[in-house]
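Dumped run.pdb below, it's PDB, C-alpha atoms and all ligand atoms:
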ATOM      1  CA  MET V  20     132.509  -7.586  23.538
ATOM      2  CA  GLU V  21     129.765  -8.328  26.018
ATOM      3  CA  LYS V  22     129.542  -6.136  29.095
ATOM      4  CA  GLY V  23     130.504  -7.895  32.300
ATOM      5  CA  LEU V  24     127.886  -6.846  34.825
ATOM      6  CA  LEU V  25     128.267  -6.296  38.531
ATOM      7  CA  LEU V  26     125.222  -7.854  40.165
ATOM      8  CA  VAL V  27     124.337  -7.500  43.832
ATOM      9  CA  ASN V  28     121.855  -9.717  45.669
ATOM     10  CA  THR V  29     121.101  -8.176  49.037
ATOM     11  CA  GLY V  30     118.251  -7.835  51.568
ATOM     12  CA  ASN V  31     116.993  -9.899  54.488
ATOM     13  CA  GLY V  32     114.904 -12.395  52.545
ATOM     14  CA  LYS V  33     116.081 -15.821  51.459
ATOM     15  CA  GLY V  34     117.394 -16.279  47.961
ATOM     16  CA  LYS V  35     120.596 -14.245  47.611
ATOM     17  CA  THR V  36     122.975 -17.187  47.375
ATOM     18  CA  THR V  37     120.342 -19.357  45.702
ATOM     19  CA  ALA V  38     119.911 -16.826  42.880
ATOM     20  CA  ALA V  39     123.679 -16.539  42.448
ATOM     21  CA  LEU V  40     123.910 -20.328  42.153
ATOM     22  CA  GLY V  41     121.116 -20.266  39.574
ATOM     23  CA  LEU V  42     123.242 -17.921  37.481
ATOM     24  CA  VAL V  43     126.187 -20.278  37.938
ATOM     25  CA  MET V  44     124.091 -23.109  36.530
ATOM     26  CA  ARG V  45     123.116 -20.955  33.576
ATOM     27  CA  ALA V  46     126.731 -20.006  32.834
ATOM     28  CA  LEU V  47     127.911 -23.619  33.129
ATOM     29  CA  GLY V  48     125.272 -24.628  30.623
ATOM     30  CA  HIS V  49     126.922 -22.331  28.111
ATOM     31  CA  GLY V  50     130.296 -23.874  28.841
ATOM     32  CA  PHE V  51     131.589 -20.798  30.688
ATOM     33  CA  ARG V  52     134.199 -21.148  33.404
ATOM     34  CA  VAL V  53     132.915 -20.076  36.817
ATOM     35  CA  CYS V  54     134.510 -19.350  40.179
ATOM     36  CA  VAL V  55     132.549 -19.208  43.424
ATOM     37  CA  ILE V  56     134.245 -17.770  46.508
ATOM     38  CA  GLN V  57     132.383 -18.171  49.777
ATOM     39  CA  PHE V  58     133.550 -15.651  52.347
ATOM     40  CA  ILE V  59     131.728 -17.243  55.226
ATOM     41  CA  LYS V  60     132.317 -20.902  55.778
ATOM     42  CA  GLY V  61     129.090 -22.838  55.481
ATOM     43  CA  ILE V  62     128.381 -26.527  55.779
ATOM     44  CA  SER V  63     131.168 -28.534  54.155
ATOM     45  CA  THR V  64     128.627 -30.967  52.717
ATOM     46  CA  SER V  65     126.396 -28.264  51.223
ATOM     47  CA  GLY V  66     124.706 -29.213  47.982
ATOM     48  CA  GLU V  67     126.611 -26.558  46.077
ATOM     49  CA  LEU V  68     129.995 -27.855  47.220
ATOM     50  CA  LEU V  69     129.027 -31.434  46.376
ATOM     51  CA  ALA V  70     127.617 -30.381  43.012
ATOM     52  CA  ALA V  71     130.872 -28.574  42.146
ATOM     53  CA  LYS V  72     132.604 -31.955  42.016
ATOM     54  CA  ARG V  73     130.373 -32.868  39.090
ATOM     55  CA  PHE V  74     131.441 -29.791  37.140
ATOM     56  CA  GLU V  75     135.158 -30.035  37.848
ATOM     57  CA  ASP V  76     136.122 -28.966  34.342
ATOM     58  CA  LEU V  77     134.333 -25.604  34.559
ATOM     59  CA  LEU V  78     133.553 -24.756  38.178
ATOM     60  CA  ASP V  79     135.946 -23.853  41.001
ATOM     61  CA  VAL V  80     134.592 -23.277  44.500
ATOM     62  CA  HIS V  81     136.740 -21.788  47.249
ATOM     63  CA  VAL V  82     135.634 -21.567  50.846
ATOM     64  CA  MET V  83     137.480 -18.811  52.653
ATOM     65  CA  GLY V  84     137.396 -17.625  56.222
ATOM     66  CA  ARG V  85     138.440 -20.914  57.769
ATOM     67  CA  GLY V  86     135.767 -20.876  60.429
ATOM     68  CA  PHE V  87     135.659 -17.239  61.328
ATOM     69  CA  THR V  88     132.350 -16.348  62.839
ATOM     70  CA  TRP V  89     132.237 -12.565  63.308
ATOM     71  CA  THR V  90     131.566 -13.191  66.995
ATOM     72  CA  SER V  91     135.089 -14.369  67.537
ATOM     73  CA  LYS V  92     137.032 -12.716  70.306
ATOM     74  CA  ASN V  93     140.124 -12.493  68.172
ATOM     75  CA  LEU V  94     139.153  -9.566  65.983
ATOM     76  CA  GLU V  95     142.666  -8.999  64.678
ATOM     77  CA  GLN V  96     142.859 -12.594  63.489
ATOM     78  CA  ASP V  97     139.440 -12.278  61.799
ATOM     79  CA  LYS V  98     140.574  -9.129  60.073
ATOM     80  CA  LYS V  99     143.718 -10.801  58.821
ATOM     81  CA  ILE V 100     141.775 -13.779  57.456
ATOM     82  CA  ALA V 101     139.215 -11.484  55.818
ATOM     83  CA  ALA V 102     141.983  -9.412  54.205
ATOM     84  CA  GLU V 103     143.644 -12.561  52.855
ATOM     85  CA  ALA V 104     140.314 -13.806  51.505
ATOM     86  CA  TRP V 105     139.759 -10.496  49.712
ATOM     87  CA  GLN V 106     143.297 -10.554  48.288
ATOM     88  CA  PHE V 107     142.601 -14.005  46.897
ATOM     89  CA  ALA V 108     139.310 -12.820  45.351
ATOM     90  CA  HIS V 109     141.046  -9.761  43.900
ATOM     91  CA  LYS V 110     143.566 -11.992  42.113
ATOM     92  CA  VAL V 111     140.718 -14.066  40.713
ATOM     93  CA  LEU V 112     139.015 -10.886  39.448
ATOM     94  CA  LEU V 113     142.191  -9.881  37.619
ATOM     95  CA  SER V 114     142.789 -13.321  36.148
ATOM     96  CA  ASP V 115     141.703 -14.406  32.701
ATOM     97  CA  ASP V 116     140.288 -17.678  33.894
ATOM     98  CA  TYR V 117     136.556 -17.120  34.319
ATOM     99  CA  LYS V 118     133.458 -15.672  32.716
ATOM    100  CA  LEU V 119     131.537 -15.465  36.012
ATOM    101  CA  VAL V 120     132.765 -14.936  39.569
ATOM    102  CA  VAL V 121     130.476 -15.185  42.602
ATOM    103  CA  LEU V 122     131.624 -13.442  45.782
ATOM    104  CA  ASP V 123     129.200 -14.990  48.236
ATOM    105  CA  GLU V 124     128.637 -12.996  51.468
ATOM    106  CA  LEU V 125     131.271 -10.420  50.522
ATOM    107  CA  THR V 126     129.085  -7.630  51.953
ATOM    108  CA  TYR V 127     130.015  -8.647  55.494
ATOM    109  CA  LEU V 128     133.663  -7.767  54.928
ATOM    110  CA  MET V 129     132.459  -4.268  54.159
ATOM    111  CA  LYS V 130     129.779  -4.117  56.839
ATOM    112  CA  TYR V 131     132.165  -5.081  59.627
ATOM    113  CA  ARG V 132     134.938  -2.948  58.103
ATOM    114  CA  PHE V 133     137.279  -5.903  57.870
ATOM    115  CA  VAL V 134     138.424  -4.611  54.522
ATOM    116  CA  ASN V 135     138.192  -1.027  53.322
ATOM    117  CA  SER V 136     135.068  -0.640  51.147
ATOM    118  CA  THR V 137     136.827   1.686  48.694
ATOM    119  CA  GLU V 138     139.524  -0.947  48.175
ATOM    120  CA  ILE V 139     136.848  -3.552  47.419
ATOM    121  CA  ILE V 140     134.982  -1.279  44.984
ATOM    122  CA  GLU V 141     138.232  -0.426  43.192
ATOM    123  CA  GLY V 142     139.124  -4.099  42.989
ATOM    124  CA  LEU V 143     135.716  -4.905  41.500
ATOM    125  CA  GLN V 144     136.094  -2.131  38.946
ATOM    126  CA  GLN V 145     139.518  -3.387  37.858
ATOM    127  CA  ARG V 146     137.989  -6.623  36.576
ATOM    128  CA  ARG V 147     138.146  -7.657  32.935
ATOM    129  CA  LYS V 148     135.521  -5.766  30.936
ATOM    130  CA  ASP V 149     133.536  -8.883  30.069
ATOM    131  CA  LEU V 150     133.725 -10.563  33.483
ATOM    132  CA  CYS V 151     130.388 -10.840  35.315
ATOM    133  CA  VAL V 152     130.557 -10.673  39.094
ATOM    134  CA  VAL V 153     127.815 -11.427  41.598
ATOM    135  CA  VAL V 154     128.132 -10.157  45.157
ATOM    136  CA  THR V 155     125.729 -11.490  47.772
ATOM    137  CA  GLY V 156     124.983 -10.695  51.391
ATOM    138  CA  ARG V 157     122.730  -8.609  53.600
ATOM    139  CA  ASP V 158     123.229  -4.887  54.129
ATOM    140  CA  ALA V 159     125.019  -4.068  50.878
ATOM    141  CA  PRO V 160     126.667  -0.699  51.514
ATOM    142  CA  GLN V 161     125.621   2.304  49.431
ATOM    143  CA  VAL V 162     128.994   2.475  47.644
ATOM    144  CA  LEU V 163     128.493  -1.077  46.388
ATOM    145  CA  ILE V 164     124.933  -0.345  45.247
ATOM    146  CA  GLU V 165     126.189   2.681  43.350
ATOM    147  CA  ALA V 166     128.976   0.713  41.682
ATOM    148  CA  ALA V 167     126.632  -2.124  40.627
ATOM    149  CA  ASP V 168     124.743  -2.505  37.343
ATOM    150  CA  LEU V 169     121.997  -4.646  38.816
ATOM    151  CA  VAL V 170     120.817  -4.746  42.415
ATOM    152  CA  THR V 171     118.108  -7.002  43.799
ATOM    153  CA  ASP V 172     116.698  -6.606  47.276
ATOM    154  CA  MET V 173     115.381  -9.940  48.561
ATOM    155  CA  ARG V 174     112.506  -9.003  50.822
ATOM    156  CA  GLU V 175     111.192 -11.454  53.360
ATOM    157  CA  ILE V 176     107.467 -11.990  53.221
ATOM    158  CA  LYS V 177     107.420 -15.388  54.895
ATOM    159  CA  HIS V 178     110.159 -17.728  56.066
ATOM    160  CA  PRO V 179     109.563 -21.226  57.525
ATOM    161  CA  PHE V 180     112.183 -20.498  60.200
ATOM    162  CA  LYS V 181     109.499 -18.452  61.958
ATOM    163  CA  GLN V 182     107.316 -21.583  62.206
ATOM    164  CA  GLY V 183     110.226 -23.436  63.744
ATOM    165  CA  VAL V 184     111.252 -25.287  60.571
ATOM    166  CA  LYS V 185     114.996 -25.866  60.673
ATOM    167  CA  ALA V 186     117.381 -25.518  57.734
ATOM    168  CA  GLN V 187     116.875 -28.428  55.367
ATOM    169  CA  ARG V 188     119.247 -30.292  53.070
ATOM    170  CA  GLY V 189     118.668 -29.298  49.487
ATOM    171  CA  VAL V 190     116.806 -26.132  50.480
ATOM    172  CA  GLU V 191     119.162 -24.214  52.744
ATOM    173  CA  PHE V 192     122.399 -26.118  52.177
TER     174      PHE V 192
HETATM  175  P1  LIG I   1     120.065 -18.881  50.526
HETATM  176  O1  LIG I   1     121.474 -19.381  50.674
HETATM  177  O2  LIG I   1     119.100 -19.901  51.006
HETATM  178  O3  LIG I   1     119.756 -18.317  49.175
HETATM  179  P2  LIG I   1     120.494 -16.234  51.471
HETATM  180  O4  LIG I   1     121.822 -16.286  50.806
HETATM  181  O5  LIG I   1     119.496 -15.292  50.907
HETATM  182  O6  LIG I   1     119.879 -17.675  51.549
HETATM  183  P3  LIG I   1     121.818 -15.607  53.953
HETATM  184  O7  LIG I   1     121.636 -14.274  54.564
HETATM  185  O8  LIG I   1     123.100 -15.926  53.284
HETATM  186  O9  LIG I   1     120.586 -15.862  52.985
HETATM  187  O10 LIG I   1     121.474 -16.654  55.053
HETATM  188  C1  LIG I   1     121.803 -17.973  54.931
HETATM  189  C2  LIG I   1     120.848 -18.884  55.661
HETATM  190  O11 LIG I   1     119.884 -18.181  56.413
HETATM  191  C3  LIG I   1     120.035 -19.748  54.710
HETATM  192  O12 LIG I   1     120.006 -21.017  55.270
HETATM  193  C4  LIG I   1     118.675 -19.138  54.687
HETATM  194  O13 LIG I   1     117.596 -20.043  54.492
HETATM  195  C5  LIG I   1     118.568 -18.553  56.038
HETATM  196  N1  LIG I   1     117.709 -17.373  55.942
HETATM  197  C6  LIG I   1     117.655 -16.502  54.914
HETATM  198  N2  LIG I   1     116.695 -15.580  55.118
HETATM  199  C7  LIG I   1     116.168 -15.870  56.325
HETATM  200  C8  LIG I   1     115.144 -15.286  57.125
HETATM  201  N3  LIG I   1     114.497 -14.215  56.704
HETATM  202  N4  LIG I   1     114.860 -15.856  58.331
HETATM  203  C9  LIG I   1     115.531 -16.926  58.756
HETATM  204  N5  LIG I   1     116.515 -17.533  58.054
HETATM  205  C10 LIG I   1     116.822 -17.016  56.857
HETATM  206 MG    MG I   2     123.768 -16.371  51.397
END

How does the structure come out when it is put into structure tokens?
Amino acid sequence: MEKGLLLVNTGNGKGKTTAALGLVMRALGHGFRVCVIQFIKGISTSGELLAAKRFEDLLDVHVMGRGFTWTSKNLEQDKKIAAEAWQFAHKVLLSDDYKLVVLDELTYLMKYRFVNSTEIIEGLQQRRKDLCVVVTGRDAPQVLIEAADLVTDMREIKHPFKQGVKAQRGVEF
């Protein structure tokens, strides 16, 4: 049986989610079933969400965190939503349905201590032995790095944002 890797894309540079989506494309090409869970709600007309409709037979995308922003004043509510999102992801990890699962921006649940990091690591380790999981997000905690098989640190060298270029369709979303 193939080994299901735990991959982590972290760091401050652009490309963490992009690289995860590249892997999704690769898996789809082989006819593998893929699940993407986005823990922070992005733009509802993002290219990846629109593209998912074209791969309905193989690709499921779930956007969690119905609008929570991390700056919200209702911390208890944010915590509850984050915990529910993690519980959903945990069920997906234990299911037999996919070959690849992307947990996009999961690191923030750990960083802001919305969900206990040990609980998340244990949940990741309970996955099927051949299930590949990609976790993305800045500031991956040390426990996650230690649990992972592959960790990439996206380092910013240049970003057009610094020249005042705004997020563009097809590049950022
Ligand atoms: P992408 O989704 O483009 O691969 P990412 O997942 O690496 O980016 P996130 O931390 O999730 O980066 O940030 C999401 C958004 O912030 C993206 O629109 C991205 O272009 C933008 N961004 C990423 N890195 C930087 C940076 N160094 N400066 C400004 N904006 C950035
Ligand atoms: Mg991202």

If you count only C-alpha atoms and all ligand atoms, the residue of V:Arg52, V:Lys22, V:His81, V:Lys35 closest to ligand LIG 1 (chain I) turns out to be V:Lys35

Let me have the centre and edge lengths of the axis-aligned box enclosing all listed atoms of ligand LIG 1 (chain I) with 5 Å padding on every side, in Å to one decimal, as lines of an AutoDock Vina configuration file.
center_x = 118.8
center_y = -17.6
center_z = 54.0
size_x = 18.6
size_y = 16.8
size_z = 19.6

All residues having an atom within 10 Å of ligand MG 2 (chain I) (all atoms listed in the file) as a ChimeraX atom specification = /V:28-29,31-39,57-59,61,123-125,154-157,191-192

When distances are computed from only C-alpha atoms and all ligand atoms, which of V:Val53, V:Ile62, V:Val43, V:Val162 shows the smallest separation from ligand LIG 1 (chain I)?
->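 Ranked by minimum distance to ligand LIG 1 (chain I), first place goes to V:Ile62.
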
Residues near Thr137 in chain V, cut-off 12 Å, only C-alpha atoms, skip fewer than 4 positions along chain, as a ChimeraX atom specification = /V:128-129,132-133,141-144,160-163,165-166

Run the PyMOL selection byres (((chain V and resi 24) around 9) and not hetatm) on the file and write out the hits as a ChimeraX atom specification.
-> /V:22-23,25-26,148-153,167-169

How would the residues just picked look written out with C-alpha atoms as a compact mmCIF listing (two decimals), keeping the file's coordinate frame?
# COMPACT_ATOMS: atom_id res chain seq x y z
CA LYS V 22 129.54 -6.14 29.10
CA GLY V 23 130.50 -7.90 32.30
CA LEU V 25 128.27 -6.30 38.53
CA LEU V 26 125.22 -7.85 40.16
CA LYS V 148 135.52 -5.77 30.94
CA ASP V 149 133.54 -8.88 30.07
CA LEU V 150 133.72 -10.56 33.48
CA CYS V 151 130.39 -10.84 35.32
CA VAL V 152 130.56 -10.67 39.09
CA VAL V 153 127.82 -11.43 41.60
CA ALA V 167 126.63 -2.12 40.63
CA ASP V 168 124.74 -2.50 37.34
CA LEU V 169 122.00 -4.65 38.82

Shortest interatomic distance to ligand LIG 1 (chain I) - which of V:Leu40, V:Val170, V:Ile139, V:Val27, counting only C-alpha atoms and all ligand atoms =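 For ligand LIG 1 (chain I), the nearest of the given residues is V:Leu40.
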
Give me, please, the distance in Å between CA of Val190 in chain V and CA of Glu175 in chain V, quoted to one decimal.
-> 16.0 Å

Select, from V:Leu68, V:Asn93, V:Arg45, V:Cys54, the residue with the minimum atom-to-atom distance to Lys110 in chain V, counting all atoms listed in the file.
->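 Of the candidates, the smallest distance to Lys110 in chain V is held by V:Cys54.
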
Please determine the residues with any atom at most 12 Å from (124.3, -26.0, 36.3) (coordinates as given in the file, with all atoms listed in the file counting) and report them as a PyMOL selection string.
-> chain V and resi 39-53+67+70-75+77-78

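Minimum distance to ligand LIG 1 (chain I) across V:Met83, V:Ala104, V:Leu122, V:Ile164 (counting all atoms listed in the file) occurs at V:Leu122.
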
Work out how far atom O9 of ligand LIG 1 (chain I) is from CA of Ser114 in chain V, in Å to one decimal.
-> 28.0 Å

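Environment of (139.4, -15.3, 42.9): residues at most 10 Å away, judged by only C-alpha atoms, are Cys54, Val55, Ile56, Asp79, Val80, His81, Ala104, Trp105, Gln106, Phe107, Ala108, His109, Lys110, Val111, Leu112, Leu113, Ser114, Asp116, Tyr117, Val120, Val121 and Leu122 of chain V.
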
To one decimal place, how far is atom O13 of ligand LIG 1 (chain I) from CA of Lys185 in chain V in Å?
->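 So the two atoms, atom O13 of ligand LIG 1 (chain I) and CA of Lys185 in chain V, lie 8.9 Å apart.
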
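Remark: for ligand LIG 1 (chain I), the closest of the candidate residues V:His178, V:Leu94, V:Gly189, V:Ser65 is V:His178 (distances computed over all atoms listed in the file).
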